[in-house]
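What follows is my_file_38.cif (mmCIF, C-alpha atoms).
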```cif
data_final
loop_
_atom_site.group_PDB
_atom_site.id
_atom_site.type_symbol
_atom_site.label_atom_id
_atom_site.label_comp_id
_atom_site.auth_asym_id
_atom_site.auth_seq_id
_atom_site.Cartn_x
_atom_site.Cartn_y
_atom_site.Cartn_z
ATOM 1 C CA MET A 246 -14.769 26.048 6.522
ATOM 2 C CA PHE A 247 -13.035 26.083 3.112
ATOM 3 C CA SER A 248 -10.620 23.265 4.054
ATOM 4 C CA LEU A 249 -13.530 21.017 5.023
ATOM 5 C CA LEU A 250 -15.242 21.675 1.682
ATOM 6 C CA ILE A 251 -12.087 20.828 -0.301
ATOM 7 C CA PHE A 252 -11.589 17.764 1.911
ATOM 8 C CA LEU A 253 -15.093 16.418 1.166
ATOM 9 C CA ILE A 254 -14.954 17.255 -2.553
ATOM 10 C CA SER A 255 -11.575 15.507 -2.855
ATOM 11 C CA LEU A 256 -12.930 12.388 -1.149
ATOM 12 C CA SER A 257 -15.817 12.330 -3.641
ATOM 13 C CA PHE A 258 -13.443 12.545 -6.613
ATOM 14 C CA ILE A 259 -11.260 9.799 -5.102
ATOM 15 C CA ALA A 260 -14.277 7.470 -4.991
ATOM 16 C CA ILE A 261 -15.150 8.227 -8.640
ATOM 17 C CA LEU A 262 -11.564 7.924 -9.894
ATOM 18 C CA SER A 263 -10.876 4.666 -8.048
ATOM 19 C CA ASP A 264 -13.921 3.087 -9.699
ATOM 20 C CA LYS A 265 -12.617 4.166 -13.132
ATOM 21 C CA ILE A 266 -9.132 2.862 -12.310
ATOM 22 C CA ILE A 267 -10.489 -0.607 -11.464
ATOM 23 C CA ILE A 268 -12.405 -0.646 -14.777
ATOM 24 C CA TYR A 269 -9.275 0.368 -16.723
ATOM 25 C CA THR A 270 -7.148 -2.181 -14.824
ATOM 26 C CA THR A 271 -9.634 -4.938 -15.669
ATOM 27 C CA LYS A 272 -9.494 -4.013 -19.365
ATOM 28 C CA LEU A 273 -5.689 -3.852 -19.355
ATOM 29 C CA SER A 274 -5.520 -7.225 -17.602
ATOM 30 C CA SER A 275 -7.860 -8.797 -20.129
ATOM 31 C CA TYR A 276 -5.879 -7.361 -23.066
ATOM 32 C CA PHE A 277 -2.446 -8.434 -21.756
ATOM 33 C CA GLY A 278 -3.693 -11.787 -20.402
ATOM 34 C CA LEU A 279 -2.919 -11.088 -16.757
ATOM 35 C CA SER A 280 -4.567 -12.807 -13.819
ATOM 36 C CA GLU A 281 -6.424 -10.755 -11.198
ATOM 37 C CA ILE A 282 -3.629 -11.041 -8.658
ATOM 38 C CA SER A 283 -0.987 -10.184 -11.286
ATOM 39 C CA ALA A 284 -2.960 -7.089 -12.274
ATOM 40 C CA GLY A 285 -3.200 -6.037 -8.643
ATOM 41 C CA PHE A 286 0.519 -6.528 -8.074
ATOM 42 C CA ILE A 287 2.001 -5.339 -11.379
ATOM 43 C CA ILE A 288 -0.408 -2.550 -12.368
ATOM 44 C CA LEU A 289 -2.257 -1.255 -9.305
ATOM 45 C CA SER A 290 0.365 -1.672 -6.586
ATOM 46 C CA ILE A 291 3.069 0.178 -8.520
ATOM 47 C CA ALA A 292 0.692 2.970 -9.563
ATOM 48 C CA THR A 293 -0.709 3.476 -6.055
ATOM 49 C CA SER A 294 2.771 3.352 -4.469
ATOM 50 C CA LEU A 295 3.930 6.463 -6.335
ATOM 51 C CA PRO A 296 3.476 8.780 -3.294
ATOM 52 C CA GLU A 297 5.775 6.584 -1.192
ATOM 53 C CA LEU A 298 8.261 6.387 -4.081
ATOM 54 C CA PHE A 299 8.458 10.177 -4.512
ATOM 55 C CA VAL A 300 8.776 10.861 -0.761
ATOM 56 C CA SER A 301 11.429 8.179 -0.220
ATOM 57 C CA ALA A 302 13.466 9.159 -3.289
ATOM 58 C CA ILE A 303 13.532 12.846 -2.325
ATOM 59 C CA ALA A 304 14.433 11.988 1.276
ATOM 60 C CA SER A 305 17.251 9.732 0.086
ATOM 61 C CA VAL A 306 18.713 12.406 -2.219
ATOM 62 C CA MET A 307 18.684 14.736 0.815
ATOM 63 C CA ASN A 308 20.658 12.062 2.708
ATOM 64 C CA GLN A 309 17.723 11.361 5.040
ATOM 65 C CA GLY A 310 17.666 7.554 4.926
ATOM 66 C CA GLY A 311 15.676 7.375 8.150
ATOM 67 C CA ILE A 312 12.778 9.223 6.523
ATOM 68 C CA SER A 313 12.859 6.858 3.532
ATOM 69 C CA VAL A 314 12.728 3.773 5.728
ATOM 70 C CA GLY A 315 10.168 5.293 8.103
ATOM 71 C CA ASN A 316 7.905 6.310 5.203
ATOM 72 C CA VAL A 317 7.964 2.802 3.730
ATOM 73 C CA LEU A 318 7.444 0.991 7.029
ATOM 74 C CA GLY A 319 4.731 3.373 8.247
ATOM 75 C CA SER A 320 2.851 3.009 4.968
ATOM 76 C CA ASN A 321 3.071 -0.783 5.150
ATOM 77 C CA ILE A 322 1.701 -0.873 8.682
ATOM 78 C CA ALA A 323 -1.205 1.307 7.546
ATOM 79 C CA ASN A 324 -1.846 -0.886 4.478
ATOM 80 C CA LEU A 325 -1.833 -4.166 6.426
ATOM 81 C CA THR A 326 -4.022 -2.929 9.258
ATOM 82 C CA ILE A 327 -6.303 0.056 8.934
ATOM 83 C CA ILE A 328 -6.445 0.096 5.095
ATOM 84 C CA ILE A 329 -7.449 -3.581 4.789
ATOM 85 C CA GLY A 330 -9.750 -3.183 7.794
ATOM 86 C CA LEU A 331 -11.482 -0.073 6.468
ATOM 87 C CA ALA A 332 -11.755 -1.577 2.972
ATOM 88 C CA ILE A 333 -13.674 -4.540 4.419
ATOM 89 C CA LEU A 334 -15.895 -2.389 6.642
ATOM 90 C CA LEU A 335 -16.635 0.348 4.080
ATOM 91 C CA SER A 336 -17.246 -2.007 1.155
ATOM 92 C CA HIS A 337 -19.492 -4.249 3.287
ATOM 93 C CA LYS A 338 -17.817 -7.227 1.576
ATOM 94 C CA LYS A 339 -15.911 -10.209 2.952
ATOM 95 C CA PHE A 340 -12.352 -10.451 1.637
ATOM 96 C CA VAL A 341 -12.633 -13.934 0.077
ATOM 97 C CA ILE A 342 -9.453 -16.059 -0.072
ATOM 98 C CA LYS A 343 -9.780 -17.876 -3.390
ATOM 99 C CA SER A 344 -6.422 -19.340 -4.421
ATOM 100 C CA SER A 345 -2.938 -20.462 -3.461
ATOM 101 C CA SER A 346 -1.561 -17.422 -5.301
ATOM 102 C CA GLN A 347 -2.966 -15.165 -2.582
ATOM 103 C CA LYS A 348 -1.258 -17.251 0.098
ATOM 104 C CA GLU A 349 2.000 -17.195 -1.868
ATOM 105 C CA LEU A 350 1.830 -13.405 -2.113
ATOM 106 C CA VAL A 351 1.524 -13.203 1.684
ATOM 107 C CA GLN A 352 4.630 -15.390 1.974
ATOM 108 C CA PHE A 353 6.485 -12.981 -0.320
ATOM 109 C CA LEU A 354 5.302 -10.145 1.894
ATOM 110 C CA PHE A 355 6.629 -11.769 5.059
ATOM 111 C CA LEU A 356 9.993 -12.473 3.424
ATOM 112 C CA SER A 357 10.121 -8.832 2.317
ATOM 113 C CA SER A 358 9.256 -7.742 5.860
ATOM 114 C CA LEU A 359 12.485 -9.349 7.101
ATOM 115 C CA ILE A 360 14.475 -6.847 5.020
ATOM 116 C CA PRO A 361 14.106 -4.019 7.594
ATOM 117 C CA LEU A 362 15.797 -6.274 10.175
ATOM 118 C CA PHE A 363 18.842 -6.366 7.910
ATOM 119 C CA ILE A 364 18.725 -2.580 7.563
ATOM 120 C CA LEU A 365 18.384 -2.253 11.341
ATOM 121 C CA GLN A 366 21.451 -4.446 11.838
ATOM 122 C CA ARG A 367 23.481 -2.465 9.260
ATOM 123 C CA GLY A 368 22.243 0.916 10.433
ATOM 124 C CA SER A 369 22.223 2.321 6.884
ATOM 125 C CA ILE A 370 20.935 2.006 3.317
ATOM 126 C CA GLY A 371 23.157 2.069 0.227
ATOM 127 C CA PRO A 372 23.546 1.097 -3.466
ATOM 128 C CA ILE A 373 24.361 -2.590 -2.844
ATOM 129 C CA LEU A 374 21.234 -3.015 -0.720
ATOM 130 C CA GLY A 375 19.254 -1.126 -3.358
ATOM 131 C CA LEU A 376 20.396 -3.479 -6.124
ATOM 132 C CA VAL A 377 19.428 -6.545 -4.062
ATOM 133 C CA LEU A 378 15.985 -5.092 -3.342
ATOM 134 C CA LEU A 379 15.331 -4.305 -7.017
ATOM 135 C CA ILE A 380 16.325 -7.861 -7.994
ATOM 136 C CA LEU A 381 13.865 -9.173 -5.402
ATOM 137 C CA PHE A 382 11.118 -6.960 -6.832
ATOM 138 C CA VAL A 383 11.728 -8.288 -10.359
ATOM 139 C CA TYR A 384 11.757 -11.882 -9.033
ATOM 140 C CA PHE A 385 8.470 -11.468 -7.166
ATOM 141 C CA GLY A 386 6.888 -9.731 -10.158
ATOM 142 C CA LEU A 387 7.934 -12.436 -12.625
ATOM 143 C CA ASN A 388 6.761 -15.171 -10.265
ATOM 144 C CA ILE A 389 3.318 -13.632 -9.761
ATOM 145 C CA SER A 390 2.915 -12.827 -13.475
ATOM 146 C CA LYS A 391 3.133 -16.551 -14.304
ATOM 147 C CA LYS A 392 0.078 -17.374 -12.212
ATOM 148 C CA ALA A 393 -2.970 -18.811 -13.906
ATOM 149 C CA GLY A 394 -6.507 -17.505 -13.578
ATOM 150 C CA LYS A 395 -6.788 -14.921 -16.328
ATOM 151 C CA ILE A 396 -9.529 -12.294 -16.098
ATOM 152 C CA SER A 397 -12.338 -13.298 -18.457
ATOM 153 C CA SER A 398 -12.220 -11.623 -21.857
ATOM 154 C CA LEU A 399 -14.190 -8.395 -22.179
ATOM 155 C CA GLY A 400 -14.414 -8.797 -25.931
ATOM 156 C CA PHE A 401 -11.975 -7.794 -28.634
ATOM 157 C CA ILE A 402 -9.988 -4.684 -27.709
ATOM 158 C CA ARG A 403 -8.158 -2.970 -30.559
ATOM 159 C CA LYS A 404 -4.602 -1.712 -30.152
ATOM 160 C CA LYS A 405 -5.640 1.919 -30.642
ATOM 161 C CA ASP A 406 -8.310 1.410 -27.981
ATOM 162 C CA ILE A 407 -5.823 -0.041 -25.485
ATOM 163 C CA ASN A 408 -3.551 2.956 -26.054
ATOM 164 C CA MET A 409 -6.425 5.261 -25.081
ATOM 165 C CA ILE A 410 -7.217 3.081 -22.053
ATOM 166 C CA ILE A 411 -3.592 3.339 -20.911
ATOM 167 C CA ILE A 412 -3.710 7.142 -21.288
ATOM 168 C CA LYS A 413 -6.989 7.334 -19.341
ATOM 169 C CA PHE A 414 -5.544 5.023 -16.658
ATOM 170 C CA LEU A 415 -2.454 7.213 -16.217
ATOM 171 C CA ILE A 416 -4.560 10.393 -16.085
ATOM 172 C CA ALA A 417 -6.883 8.804 -13.506
ATOM 173 C CA ILE A 418 -3.889 7.717 -11.386
ATOM 174 C CA GLY A 419 -2.428 11.217 -11.587
ATOM 175 C CA LEU A 420 -5.719 12.803 -10.510
ATOM 176 C CA LEU A 421 -6.118 10.209 -7.743
ATOM 177 C CA LEU A 422 -2.710 11.140 -6.333
ATOM 178 C CA LEU A 423 -3.548 14.847 -6.629
ATOM 179 C CA PHE A 424 -6.855 14.555 -4.760
ATOM 180 C CA SER A 425 -5.219 12.274 -2.170
ATOM 181 C CA LYS A 426 -2.686 15.031 -1.505
ATOM 182 C CA LEU A 427 -5.516 17.563 -1.188
ATOM 183 C CA VAL A 428 -7.196 15.290 1.371
ATOM 184 C CA VAL A 429 -3.970 15.079 3.392
ATOM 185 C CA ASP A 430 -3.186 18.802 3.207
ATOM 186 C CA ASN A 431 -6.696 19.934 4.125
ATOM 187 C CA GLY A 432 -7.053 17.156 6.694
ATOM 188 C CA ILE A 433 -3.946 18.478 8.435
ATOM 189 C CA GLU A 434 -5.381 22.010 8.426
ATOM 190 C CA ILE A 435 -8.616 20.715 9.973
ATOM 191 C CA ALA A 436 -6.655 18.719 12.566
ATOM 192 C CA ASN A 437 -4.563 21.781 13.457
ATOM 193 C CA PHE A 438 -7.745 23.848 13.782
ATOM 194 C CA ILE A 439 -9.214 21.256 16.147
ATOM 195 C CA GLY A 440 -5.953 21.183 18.105
ATOM 196 C CA LEU A 441 -4.592 17.677 17.488
ATOM 197 C CA PRO A 442 -0.861 17.276 18.316
ATOM 198 C CA PRO A 443 1.605 16.905 15.384
ATOM 199 C CA SER A 444 2.569 13.363 16.460
ATOM 200 C CA VAL A 445 -1.035 12.193 16.105
ATOM 201 C CA ILE A 446 -1.388 13.932 12.732
ATOM 202 C CA GLY A 447 1.796 12.276 11.464
ATOM 203 C CA ALA A 448 0.879 8.788 12.662
ATOM 204 C CA THR A 449 -2.689 8.941 11.355
ATOM 205 C CA LEU A 450 -3.618 11.513 8.694
ATOM 206 C CA ILE A 451 -0.323 11.518 6.795
ATOM 207 C CA ALA A 452 0.176 7.738 6.965
ATOM 208 C CA ILE A 453 -3.405 7.018 5.925
ATOM 209 C CA GLY A 454 -3.337 9.875 3.408
ATOM 210 C CA THR A 455 -0.422 8.413 1.441
ATOM 211 C CA SER A 456 -2.313 5.092 1.427
ATOM 212 C CA LEU A 457 -5.611 6.593 0.213
ATOM 213 C CA PRO A 458 -5.049 5.349 -3.371
ATOM 214 C CA GLU A 459 -4.706 1.770 -2.068
ATOM 215 C CA LEU A 460 -7.787 2.159 0.134
ATOM 216 C CA ALA A 461 -9.982 3.624 -2.606
ATOM 217 C CA THR A 462 -9.000 1.105 -5.299
ATOM 218 C CA THR A 463 -9.263 -1.839 -2.879
ATOM 219 C CA ILE A 464 -12.800 -0.839 -1.847
ATOM 220 C CA GLN A 465 -13.882 -0.661 -5.494
ATOM 221 C CA ALA A 466 -12.219 -4.002 -6.294
ATOM 222 C CA LEU A 467 -14.019 -5.657 -3.363
ATOM 223 C CA LYS A 468 -17.358 -4.193 -4.463
ATOM 224 C CA LYS A 469 -16.815 -5.734 -7.906
ATOM 225 C CA HIS A 470 -15.849 -9.088 -6.277
ATOM 226 C CA LEU A 471 -12.310 -8.822 -7.679
ATOM 227 C CA PHE A 472 -10.851 -10.284 -4.488
ATOM 228 C CA GLU A 473 -7.513 -11.369 -5.929
ATOM 229 C CA MET A 474 -6.981 -7.975 -7.551
ATOM 230 C CA ALA A 475 -7.776 -6.287 -4.224
ATOM 231 C CA LEU A 476 -5.331 -8.444 -2.270
ATOM 232 C CA GLY A 477 -2.745 -8.154 -5.034
ATOM 233 C CA ASN A 478 -3.089 -4.371 -4.776
ATOM 234 C CA ILE A 479 -2.684 -4.144 -0.979
ATOM 235 C CA LEU A 480 -0.029 -6.824 -0.463
ATOM 236 C CA GLY A 481 1.646 -5.886 -3.725
ATOM 237 C CA SER A 482 1.898 -2.266 -2.539
ATOM 238 C CA CYS A 483 3.618 -3.441 0.638
ATOM 239 C CA ILE A 484 6.072 -5.614 -1.292
ATOM 240 C CA THR A 485 6.624 -2.783 -3.793
ATOM 241 C CA ASN A 486 7.378 -0.393 -0.918
ATOM 242 C CA LEU A 487 9.925 -2.764 0.632
ATOM 243 C CA THR A 488 11.650 -3.693 -2.627
ATOM 244 C CA LEU A 489 11.123 -1.204 -5.488
ATOM 245 C CA VAL A 490 10.610 1.987 -3.423
ATOM 246 C CA LEU A 491 13.248 1.243 -0.786
ATOM 247 C CA GLY A 492 15.528 -0.162 -3.490
ATOM 248 C CA ILE A 493 15.453 3.051 -5.544
ATOM 249 C CA ALA A 494 15.923 5.132 -2.386
ATOM 250 C CA SER A 495 18.943 2.987 -1.442
ATOM 251 C CA LEU A 496 20.478 3.306 -4.898
ATOM 252 C CA LEU A 497 20.329 7.103 -4.754
ATOM 253 C CA SER A 498 22.536 7.511 -1.684
ATOM 254 C CA PHE A 499 24.295 5.936 1.259
ATOM 255 C CA SER A 500 22.403 7.157 4.338
ATOM 256 C CA PRO A 501 22.445 6.239 8.040
ATOM 257 C CA VAL A 502 19.256 4.926 9.657
ATOM 258 C CA SER A 503 18.542 5.356 13.353
ATOM 259 C CA THR A 504 18.186 1.855 14.783
ATOM 260 C CA LEU A 505 16.529 3.218 17.918
ATOM 261 C CA ALA A 506 13.758 4.981 16.002
ATOM 262 C CA ALA A 507 13.179 2.110 13.569
ATOM 263 C CA GLY A 508 13.065 -0.710 16.116
ATOM 264 C CA SER A 509 9.500 -0.328 17.360
ATOM 265 C CA ILE A 510 8.163 0.327 13.843
ATOM 266 C CA ILE A 511 9.770 -2.892 12.556
ATOM 267 C CA PHE A 512 8.068 -4.813 15.381
ATOM 268 C CA PHE A 513 4.657 -3.633 14.158
ATOM 269 C CA VAL A 514 5.577 -4.380 10.515
ATOM 270 C CA LEU A 515 6.441 -7.974 11.413
ATOM 271 C CA PHE A 516 3.440 -8.366 13.730
ATOM 272 C CA SER A 517 0.974 -7.072 11.141
ATOM 273 C CA SER A 518 2.602 -9.176 8.378
ATOM 274 C CA LEU A 519 2.408 -12.316 10.518
ATOM 275 C CA SER A 520 -1.223 -11.583 11.399
ATOM 276 C CA ILE A 521 -2.261 -11.212 7.737
ATOM 277 C CA TRP A 522 -0.214 -14.307 6.804
ATOM 278 C CA TYR A 523 -2.030 -16.321 9.489
ATOM 279 C CA PHE A 524 -5.505 -15.121 8.486
ATOM 280 C CA VAL A 525 -4.968 -15.592 4.733
ATOM 281 C CA SER A 526 -3.437 -19.059 5.279
ATOM 282 C CA THR A 527 -6.097 -20.364 7.678
ATOM 283 C CA LYS A 528 -9.339 -18.567 6.807
ATOM 284 C CA LYS A 529 -11.671 -18.754 3.810
ATOM 285 C CA TYR A 530 -12.331 -15.032 4.028
ATOM 286 C CA LEU A 531 -11.425 -11.923 6.003
ATOM 287 C CA GLY A 532 -14.576 -10.603 7.633
ATOM 288 C CA ARG A 533 -15.701 -7.898 10.033
ATOM 289 C CA LYS A 534 -14.124 -9.431 13.166
ATOM 290 C CA ILE A 535 -10.709 -9.733 11.536
ATOM 291 C CA ALA A 536 -11.069 -6.195 10.161
ATOM 292 C CA LEU A 537 -11.680 -4.836 13.670
ATOM 293 C CA PHE A 538 -8.735 -6.843 15.046
ATOM 294 C CA ILE A 539 -6.213 -5.512 12.520
ATOM 295 C CA ILE A 540 -7.539 -1.959 12.957
ATOM 296 C CA PHE A 541 -6.864 -2.437 16.690
ATOM 297 C CA ILE A 542 -3.236 -3.269 15.806
ATOM 298 C CA TYR A 543 -2.994 0.106 14.073
ATOM 299 C CA ILE A 544 -4.490 1.857 17.100
ATOM 300 C CA LEU A 545 -1.784 0.253 19.264
ATOM 301 C CA PHE A 546 0.833 1.474 16.780
ATOM 302 C CA VAL A 547 -0.489 5.038 16.906
ATOM 303 C CA LEU A 548 -0.564 4.987 20.718
ATOM 304 C CA GLN A 549 3.032 3.761 20.756
ATOM 305 C CA GLN A 550 4.101 6.496 18.344
ATOM 306 C CA ILE A 551 2.652 9.224 20.582
ATOM 307 C CA GLY A 552 4.371 7.764 23.629
ATOM 308 C CA ILE A 553 1.662 5.611 25.186
ATOM 309 C CA SER A 554 3.172 2.145 25.574
ATOM 310 C CA ILE A 555 0.882 -0.858 25.916
ATOM 311 C CA LEU A 556 2.274 -4.262 26.778
ATOM 312 C CA ILE A 557 0.856 -7.121 24.706
ATOM 313 C CA PHE A 558 1.161 -10.537 26.277
#
```
If you convert what's in this file into structure tokens, what do you get?
Amino acid sequence: MFSLLIFLISLSFIAILSDKIIIYTTKLSSYFGLSEISAGFIILSIATSLPELFVSAIASVMNQGGISVGNVLGSNIANLTIIIGLAILLSHKKFVIKSSSQKELVQFLFLSSLIPLFILQRGSIGPILGLVLLILFVYFGLNISKKAGKISSLGFIRKKDINMIIIKFLIAIGLLLLFSKLVVDNGIEIANFIGLPPSVIGATLIAIGTSLPELATTIQALKKHLFEMALGNILGSCITNLTLVLGIASLLSFSPVSTLAAGSIIFFVLFSSLSIWYFVSTKKYLGRKIALFIIFIYILFVLQQIGISILIF
């Protein structure tokens, strides 16, 4: 099947590109004097959140605020559960918790996760909310950028060399997004051929597909033992989604948001955020057992989205 061939080829290119992106990010971090976690938050998380940004911005311009919010929240649930879980399992590495900066980033994430409750109470997004969210993003970014723990110098890098590295980084990000889209598009065709219902495709392939850049770059960062960069990428992407992405979407229009549709999704956002906060705050590393547990949370979310309710006591 042609779709299967494109699907597999795209996955191969994603693996290659994500490795290059981590190398370029490390060089950029060394040149600009950024710590691992700052590089993950400021460089990787923004770059890998571009799919969510484009989807949410377009939806907002079309006065579909519910799609903007749903896209952001669905992506965050995927990042905090199945993406972290798969990254640990596929990289065969433990997610080591090395510093207080990682724990502080999780605290930022939980505070950001309370924002949807405010949106749920208001029942809409708008310019004032957007401005507040963008201010929060700048605050979190400045706070993380001050953290110590610079990546060790990779030797003298000339200015003309760093310009070329930036160009290569942007090209690699662009290609990563392109091949991620090809994976989603062809994955949907394969799923339709098999006969999977649209609700399952939406809650799994599309949600995971838009988070493929985060998954690929996190796996490569873990393999290179860049644990803070990996966590900065994943958690930073979630914070970026809730502040920068949702902030821009809110600035573009005043749109109603269905409180009924968003309620259950917000529950899973808070539950997954609290779970990661607990594990990062109390454990020395995130291993296989924790990976399986958070993947199970995502399975419960998918089951709920397709109408199979499971009570958790």
Quiz prompt | Explicit residue set for the PyMOL selection byres ((chain A and resi 376) around 12), as a ChimeraX atom specification | solution = /A:370-375,377-383,488-497
Residues at most 10 Å from segment 333-345 of chain A, counting only C-alpha atoms, excluding those fewer than 4 positions away in the same chain, as a PDB file with C-alpha atoms, keeping the file's coordinate frame?
```
ATOM      1  CA  ILE A 282      -3.629 -11.041  -8.658  1.00  0.00           C
ATOM      2  CA  ILE A 327      -6.303   0.056   8.934  1.00  0.00           C
ATOM      3  CA  ILE A 328      -6.445   0.096   5.095  1.00  0.00           C
ATOM      4  CA  ILE A 329      -7.449  -3.581   4.789  1.00  0.00           C
ATOM      5  CA  GLU A 349       2.000 -17.195  -1.868  1.00  0.00           C
ATOM      6  CA  LEU A 350       1.830 -13.405  -2.113  1.00  0.00           C
ATOM      7  CA  VAL A 351       1.524 -13.203   1.684  1.00  0.00           C
ATOM      8  CA  LYS A 392       0.078 -17.374 -12.212  1.00  0.00           C
ATOM      9  CA  GLY A 394      -6.507 -17.505 -13.578  1.00  0.00           C
ATOM     10  CA  LEU A 460      -7.787   2.159   0.134  1.00  0.00           C
ATOM     11  CA  ALA A 461      -9.982   3.624  -2.606  1.00  0.00           C
ATOM     12  CA  THR A 463      -9.263  -1.839  -2.879  1.00  0.00           C
ATOM     13  CA  ILE A 464     -12.800  -0.839  -1.847  1.00  0.00           C
ATOM     14  CA  GLN A 465     -13.882  -0.661  -5.494  1.00  0.00           C
ATOM     15  CA  ALA A 466     -12.219  -4.002  -6.294  1.00  0.00           C
ATOM     16  CA  LEU A 467     -14.019  -5.657  -3.363  1.00  0.00           C
ATOM     17  CA  LYS A 468     -17.358  -4.193  -4.463  1.00  0.00           C
ATOM     18  CA  LYS A 469     -16.815  -5.734  -7.906  1.00  0.00           C
ATOM     19  CA  HIS A 470     -15.849  -9.088  -6.277  1.00  0.00           C
ATOM     20  CA  LEU A 471     -12.310  -8.822  -7.679  1.00  0.00           C
ATOM     21  CA  PHE A 472     -10.851 -10.284  -4.488  1.00  0.00           C
ATOM     22  CA  GLU A 473      -7.513 -11.369  -5.929  1.00  0.00           C
ATOM     23  CA  ALA A 475      -7.776  -6.287  -4.224  1.00  0.00           C
ATOM     24  CA  LEU A 476      -5.331  -8.444  -2.270  1.00  0.00           C
ATOM     25  CA  PHE A 524      -5.505 -15.121   8.486  1.00  0.00           C
ATOM     26  CA  VAL A 525      -4.968 -15.592   4.733  1.00  0.00           C
ATOM     27  CA  SER A 526      -3.437 -19.059   5.279  1.00  0.00           C
ATOM     28  CA  THR A 527      -6.097 -20.364   7.678  1.00  0.00           C
ATOM     29  CA  LYS A 528      -9.339 -18.567   6.807  1.00  0.00           C
ATOM     30  CA  LYS A 529     -11.671 -18.754   3.810  1.00  0.00           C
ATOM     31  CA  TYR A 530     -12.331 -15.032   4.028  1.00  0.00           C
ATOM     32  CA  LEU A 531     -11.425 -11.923   6.003  1.00  0.00           C
ATOM     33  CA  GLY A 532     -14.576 -10.603   7.633  1.00  0.00           C
ATOM     34  CA  ARG A 533     -15.701  -7.898  10.033  1.00  0.00           C
ATOM     35  CA  LYS A 534     -14.124  -9.431  13.166  1.00  0.00           C
ATOM     36  CA  ILE A 535     -10.709  -9.733  11.536  1.00  0.00           C
ATOM     37  CA  ALA A 536     -11.069  -6.195  10.161  1.00  0.00           C
ATOM     38  CA  LEU A 537     -11.680  -4.836  13.670  1.00  0.00           C
TER      39      LEU A 537
END
```
Practice problem: Quick one: pull the distance between atom CA of Lys272 of chain A and atom CA of Leu289 of chain A, Å, one decimal. | Solution: 12.7 Å
Quiz item: Suppose you want the space between atom CA of Val306 of chain A and atom CA of Pro501 of chain A; what is it in Å?
Solution: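 According to the coordinates, atom CA of Val306 of chain A and atom CA of Pro501 of chain A are separated by 12.5 Å.
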Quiz item: Could you work out how far atom CA of Leu295 of chain A lies from atom CA of Ser263 of chain A, giving the answer in Å with one decimal?
Solution: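 Atom-to-atom, atom CA of Ser263 of chain A and atom CA of Leu295 of chain A are spaced 15.0 Å apart.
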Exercise. Return as a list in words the set of residues that the PyMOL selection byres ((chain A and resi 291) around 9) yields on the displayed structure.
Key: Gly285, Phe286, Ile287, Ile288, Leu289, Ser290, Ala292, Thr293, Ser294, Leu295, Asn478, Gly481, Ser482, Thr485, Asn486 and Leu489 of chain A
Could you save the residues just selected, with C-alpha atoms, as an mmCIF file, keeping the file's coordinate frame?
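Writing the result to selection.cif gives the following:
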```cif
data_model
loop_
_atom_site.group_PDB
_atom_site.id
_atom_site.type_symbol
_atom_site.label_atom_id
_atom_site.label_comp_id
_atom_site.auth_asym_id
_atom_site.auth_seq_id
_atom_site.Cartn_x
_atom_site.Cartn_y
_atom_site.Cartn_z
ATOM 1 C CA GLY A 285 -3.200 -6.037 -8.643
ATOM 2 C CA PHE A 286 0.519 -6.528 -8.074
ATOM 3 C CA ILE A 287 2.001 -5.339 -11.379
ATOM 4 C CA ILE A 288 -0.408 -2.550 -12.368
ATOM 5 C CA LEU A 289 -2.257 -1.255 -9.305
ATOM 6 C CA SER A 290 0.365 -1.672 -6.586
ATOM 7 C CA ALA A 292 0.692 2.970 -9.563
ATOM 8 C CA THR A 293 -0.709 3.476 -6.055
ATOM 9 C CA SER A 294 2.771 3.352 -4.469
ATOM 10 C CA LEU A 295 3.930 6.463 -6.335
ATOM 11 C CA ASN A 478 -3.089 -4.371 -4.776
ATOM 12 C CA GLY A 481 1.646 -5.886 -3.725
ATOM 13 C CA SER A 482 1.898 -2.266 -2.539
ATOM 14 C CA THR A 485 6.624 -2.783 -3.793
ATOM 15 C CA ASN A 486 7.378 -0.393 -0.918
ATOM 16 C CA LEU A 489 11.123 -1.204 -5.488
#
```
Practice problem: Tell me which of A:Arg403, A:Ile510, A:Asn388, A:Ile539 sits closest to Phe277 of chain A, counting only C-alpha atoms. | Solution: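 The answer is A:Arg403, which sits nearest to Phe277 of chain A.
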Six-sided padding of 5 Å per side, axis-aligned box over segment 525-536 of chain A, centre and edges in Å, one decimal, as JSON:
```
{"center_x": -9.6, "center_y": -13.3, "center_z": 8.5, "size_x": 22.3, "size_y": 24.2, "size_z": 19.4}
```
Exercise. Could you give me, as a ChimeraX atom specification, the residues that sit within 12 Å of (7.1, 5.7, 1.6) in the file's coordinates, counting all atoms listed in the file?
Key: /A:293-305,310-324,451-456,482-494
Exercise. List the residues selected by the PyMOL selection byres ((chain A and resi 517) around 8) in the file shown, writing them as an MDAnalysis selection string.
Key: chainID A and resid 322 325:326 513:516 518:521 539 542
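For the choices A:Ile416, A:Ile410, A:Val547, A:Met474, the atom-to-atom distance to Leu273 of chain A is smallest for A:Ile410 when using all atoms listed in the file.
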